[in-house]
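J.: Take a look at the following structure, please.
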2 protein chains.
Amino acid sequence: MKIGELAKAADTPVETIRYYERAGLLPETARTESNYRIYGEAQRDRLLFIRRCRRLDMTLDEIRLLLRFKDSPDENCAQVNELIDAHIGHVSVRIKELENLERQLKTLRQTCREARESRQCGILNGLSASQESGPLMGRTTTDD
Amino acid sequence: MKIGELAKAADTPVETIRYYERAGLLPETARTESNYRIYGEAQRDRLLFIRRCRRLDMTLDEIRLLLRFKDSPDENCAQVNELIDAHIGHVSVRIKELENLERQLKTLRQTCREARESRQCGILNGLSASQESGPLMGRTTTDD
DNA sequence: CATTGACTCTATAGCAGCTACGGAGTTTTT
DNA sequence: AAAAACTCCGTAGCTGCTATAGAGTCAATG
């Protein structure tokens, strides 16, 4: 199949497929006389694999590693397990960070519940650092 | 103060300060005869404001908007409130996405609890898409 | 007073992971 | 035969920095 068909089959923009080739995730493939790329099922499966990993938010580097293991089925997969564990670790750290953030933002939002002049806006004032102590906890101006 | 001192005062790399200037977040500032940037307290506060926002994961575009309101204290701050609400929305969406991801990754991880040959690795096989149905739920090879 | 070291300047390139051009050639459809 | 749709390549853009290179400036030391 040609690149456009592959693009459809894997729901991936054509540009991205070429990008993956350049990035070394997809091998350089056969070409027609007129220099069009031609793909087979194996390549499509490989691309689907990549996309699946991307949907799990893996980096291209991580995916490269996984592909190496796929390409050498005799090797021991311990590193794959490690990678996934590490990835899970990153994700859960990020979740905690974002939950923290969410809490801070909501607290901040409380400081200006209604529209008013910017100079009195609790949010702007809250962001106008003075003490770097708590996570924006020190209330400044409030509605109540 | 010179840029290096400001950098210390706001715990921000010198390069980043210059970057913020180029990006229009910090105004072009006065210079010494020898073309060194000179900053006052106002600029330092502005930088601290920016950094505080960044720690809340706001984009530079969002921060630019907030700065506009800070710069015109007479205006109504409704848009500030909107921005924060929208930002909270983004963050909580992202949290949900990541929680989903975490669940998927953990499920995937279960499919290969011990090291073995790559060809038998439940993770690699699980990622080797076949049906795009569930969130990687279809168990393939398992340890038990 | 000369030299070293720390600082500053600008301009430019790099990171990730694409996305979007522009301009040319090819293939398919009408 | 002409038009539409596809493909090619190279390059530039996005975000928010970070890291060079090469030059100039300033403070402290020998």
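Starting from 1 in every chain, residues are counted up; chains themselves are A, B, ... following the order of the structure tokens, and ligands are numbered from 1 as listed.
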Once you count only C-alpha atoms (C1' of nucleotides), which residues of chain B turn out to be within 9 Å of chain D? Could you give them as a list of chain:residue names?

T.: B:Glu15, B:Thr16, B:Tyr19, B:Ser34, B:Thr59, B:Leu60

J.: Got a sec: who's within 8 Å of Ala78 in chain A, counting only C-alpha atoms (C1' of nucleotides), leaving out chain neighbours fewer than 2 positions off, as an mmCIF file with C-alpha atoms, in the first residue's frame?

T.:
data_model
loop_
_atom_site.group_PDB
_atom_site.id
_atom_site.type_symbol
_atom_site.label_atom_id
_atom_site.label_comp_id
_atom_site.auth_asym_id
_atom_site.auth_seq_id
_atom_site.Cartn_x
_atom_site.Cartn_y
_atom_site.Cartn_z
ATOM 1 C CA ASN A 76 14.815 -11.462 27.779
ATOM 2 C CA VAL A 80 10.495 -3.986 28.918
ATOM 3 C CA ASN A 81 8.986 -4.559 32.315
ATOM 4 C CA GLU A 82 11.329 -2.019 33.828
ATOM 5 C CA GLU B 114 8.184 -12.007 35.144
ATOM 6 C CA ALA B 115 11.029 -11.660 32.710
ATOM 7 C CA ARG B 116 10.965 -14.095 29.808
#

J.: Using only C-alpha atoms (C1' of nucleotides), I'd like a table of the residues in chain A that come within 12 Å of chain C; for each, show the closest atom pair and its distance in Å rounded to one decimal, ordered by chain and ascending number, as CSV.

T.:
residue,atom,partner,partner_atom,distance
A:Lys2,CA,C:DT27,C1',11.8
A:Thr12,CA,C:DC18,C1',11.3
A:Pro13,CA,C:DT19,C1',9.4
A:Val14,CA,C:DT19,C1',10.6
A:Glu15,CA,C:DT19,C1',7.7
A:Thr16,CA,C:DC18,C1',6.8
A:Ile17,CA,C:DC18,C1',10.3
A:Arg18,CA,C:DC18,C1',10.8
A:Tyr19,CA,C:DC18,C1',7.9
A:Tyr20,CA,C:DG17,C1',9.6
A:Ala23,CA,C:DG17,C1',10.1
A:Thr32,CA,C:DT26,C1',11.0
A:Glu33,CA,C:DT26,C1',10.5
A:Ser34,CA,C:DT26,C1',7.2
A:Asn35,CA,C:DT26,C1',9.5
A:Tyr36,CA,C:DT26,C1',9.1
A:Arg54,CA,C:DG17,C1',10.3
A:Asp57,CA,C:DG17,C1',11.4
A:Met58,CA,C:DG17,C1',11.3
A:Thr59,CA,C:DA16,C1',8.4
A:Leu60,CA,C:DG17,C1',8.4
A:Asp61,CA,C:DA16,C1',10.2

J.: Kindly provide, as a ChimeraX atom specification, the residues of chain B having any atom no farther than 7 Å from an atom of chain A, counting only C-alpha atoms.

T.: /B:48-49,52-53,56,69-70,73-78,84,88,91-92,95,98,101-102,105,109,115-119,121,124,127-129

J.: Could you dump the residues just selected with N, CA and C atoms as a CSV table (one decimal), in the first residue's frame?

T.:
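Here's the written file out-v6.csv:
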chain,number,residue,atom,x,y,z
B,48,LEU,N,8.7,37.6,39.2
B,48,LEU,CA,8.2,36.7,40.2
B,48,LEU,C,6.8,36.2,39.9
B,49,PHE,N,6.0,37.2,39.5
B,49,PHE,CA,4.7,36.9,39.0
B,49,PHE,C,4.6,35.9,37.9
B,52,ARG,N,5.6,32.5,39.2
B,52,ARG,CA,4.5,31.9,40.0
B,52,ARG,C,3.5,31.3,39.1
B,53,CYS,N,3.1,32.0,38.0
B,53,CYS,CA,2.1,31.5,37.1
B,53,CYS,C,2.7,30.2,36.4
B,56,LEU,N,2.2,27.3,38.2
B,56,LEU,CA,0.8,26.8,38.1
B,56,LEU,C,0.6,26.3,36.7
B,69,PHE,N,-3.8,42.6,32.5
B,69,PHE,CA,-4.8,43.1,33.5
B,69,PHE,C,-4.0,43.7,34.6
B,70,LYS,N,-2.9,43.1,35.0
B,70,LYS,CA,-2.1,43.8,36.0
B,70,LYS,C,-1.7,45.2,35.6
B,73,PRO,N,-5.1,48.3,35.9
B,73,PRO,CA,-5.8,48.0,37.1
B,73,PRO,C,-7.3,48.5,37.2
B,74,ASP,N,-7.6,49.4,36.2
B,74,ASP,CA,-9.0,49.8,36.3
B,74,ASP,C,-10.0,48.9,35.6
B,75,GLU,N,-9.4,48.0,34.7
B,75,GLU,CA,-10.3,47.2,34.0
B,75,GLU,C,-10.9,46.1,34.8
B,76,ASN,N,-12.0,45.6,34.3
B,76,ASN,CA,-12.7,44.6,35.0
B,76,ASN,C,-12.0,43.2,34.8
B,77,CYS,N,-11.9,42.5,35.9
B,77,CYS,CA,-11.1,41.3,35.9
B,77,CYS,C,-11.9,40.0,35.5
B,78,ALA,N,-13.0,40.2,34.9
B,78,ALA,CA,-13.8,39.0,34.6
B,78,ALA,C,-13.0,38.0,33.8
B,84,ILE,N,-8.7,31.5,34.6
B,84,ILE,CA,-8.4,30.6,35.7
B,84,ILE,C,-9.3,29.4,35.6
B,88,ILE,N,-8.2,25.6,35.1
B,88,ILE,CA,-8.6,24.5,36.1
B,88,ILE,C,-9.2,23.4,35.2
B,91,VAL,N,-6.5,21.4,33.5
B,91,VAL,CA,-5.8,20.6,34.4
B,91,VAL,C,-6.6,19.3,34.8
B,92,SER,N,-7.9,19.6,35.1
B,92,SER,CA,-8.6,18.4,35.6
B,92,SER,C,-8.9,17.4,34.5
B,95,ILE,N,-5.7,15.4,34.3
B,95,ILE,CA,-5.6,14.5,35.4
B,95,ILE,C,-6.4,13.2,35.0
B,98,LEU,N,-4.7,11.1,32.5
B,98,LEU,CA,-3.5,10.4,33.1
B,98,LEU,C,-3.9,9.3,34.0
B,101,LEU,N,-4.7,6.5,31.7
B,101,LEU,CA,-3.5,6.0,31.3
B,101,LEU,C,-2.8,5.1,32.3
B,102,GLU,N,-2.8,5.5,33.5
B,102,GLU,CA,-2.2,4.7,34.6
B,102,GLU,C,-2.9,3.4,34.7
B,105,LEU,N,-1.8,1.2,31.8
B,105,LEU,CA,-0.5,0.8,32.0
B,105,LEU,C,-0.4,-0.3,33.0
B,109,ARG,N,0.9,-4.0,32.5
B,109,ARG,CA,2.0,-4.6,33.2
B,109,ARG,C,1.7,-5.9,33.8
B,115,ALA,N,10.2,-11.7,33.9
B,115,ALA,CA,11.0,-11.7,32.7
B,115,ALA,C,11.0,-13.0,32.0
B,116,ARG,N,11.0,-12.9,30.7
B,116,ARG,CA,11.0,-14.1,29.8
B,116,ARG,C,11.4,-13.7,28.4
B,117,GLU,N,11.2,-14.6,27.5
B,117,GLU,CA,11.6,-14.2,26.1
B,117,GLU,C,10.6,-13.1,25.6
B,118,SER,N,11.2,-12.2,24.8
B,118,SER,CA,10.4,-11.1,24.3
B,118,SER,C,9.1,-11.6,23.6
B,119,ARG,N,9.3,-12.7,22.9
B,119,ARG,CA,8.2,-13.2,22.0
B,119,ARG,C,7.0,-13.6,22.9
B,121,CYS,N,6.4,-12.1,25.8
B,121,CYS,CA,6.1,-11.0,26.7
B,121,CYS,C,4.7,-10.4,26.5
B,124,LEU,N,4.6,-6.7,25.3
B,124,LEU,CA,4.9,-6.4,23.9
B,124,LEU,C,3.7,-7.0,23.1
B,127,LEU,N,0.8,-4.7,23.3
B,127,LEU,CA,0.9,-3.5,22.6
B,127,LEU,C,0.8,-3.8,21.1
B,128,SER,N,0.9,-5.0,20.7
B,128,SER,CA,0.9,-5.3,19.3
B,128,SER,C,-0.5,-5.4,18.8
B,129,ALA,N,-1.2,-4.3,19.0
B,129,ALA,CA,-2.6,-4.2,18.5
B,129,ALA,C,-3.1,-5.3,17.7

J.: Quick check, in Å to one decimal: how far apart do CA of Ala7 in chain B and CA of Glu41 in chain B lie?

T.: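 Distance reported for this atom pair: 12.7 Å.
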
J.: Could you tell me, as a PyMOL selection string, which residues of chain B DSSP assigns to strand (DSSP E or B) when given the backbone?

T.: chain B and resi 2+30-31+37-38+76+117

J.: Could you write those residues out with N, CA and C atoms, as a short mmCIF file (atom, residue, chain, number, x, y, z; two decimals), in the first residue's frame?

T.:
data_model
loop_
_atom_site.label_atom_id
_atom_site.label_comp_id
_atom_site.auth_asym_id
_atom_site.auth_seq_id
_atom_site.Cartn_x
_atom_site.Cartn_y
_atom_site.Cartn_z
N LYS B 2 21.77 43.99 38.05
CA LYS B 2 22.08 43.40 36.76
C LYS B 2 21.36 42.07 36.61
N ALA B 30 16.15 49.28 30.84
CA ALA B 30 17.24 50.24 30.70
C ALA B 30 18.57 49.51 30.59
N ARG B 31 19.55 50.19 30.02
CA ARG B 31 20.87 49.56 29.86
C ARG B 31 21.94 50.49 30.41
N ARG B 37 21.86 45.03 30.90
CA ARG B 37 20.49 45.31 31.36
C ARG B 37 20.48 45.67 32.84
N ILE B 38 19.65 46.66 33.17
CA ILE B 38 19.49 47.07 34.57
C ILE B 38 18.02 46.94 34.98
N ASN B 76 -12.01 45.60 34.28
CA ASN B 76 -12.75 44.55 34.97
C ASN B 76 -12.03 43.22 34.80
N GLU B 117 11.22 -14.56 27.47
CA GLU B 117 11.59 -14.20 26.10
C GLU B 117 10.62 -13.14 25.57
#

J.: What is the CA of Gly40 in chain A to CA of Met1 in chain A distance in Å?

T.: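 These two atoms are separated by 6.4 Å.
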
J.: Which distance in Å separates CA of Leu26 in chain A and CA of Thr107 in chain B, to one decimal?

T.: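 CA of Thr107 in chain B lies 26.8 Å from CA of Leu26 in chain A.
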
J.: Residues of chain A classed as helix (DSSP H, G or I) by DSSP on the backbone are to be reported as a ChimeraX atom specification.

T.: /A:3-9,14-22,41-55,60-71,78-110,118-120,122-127
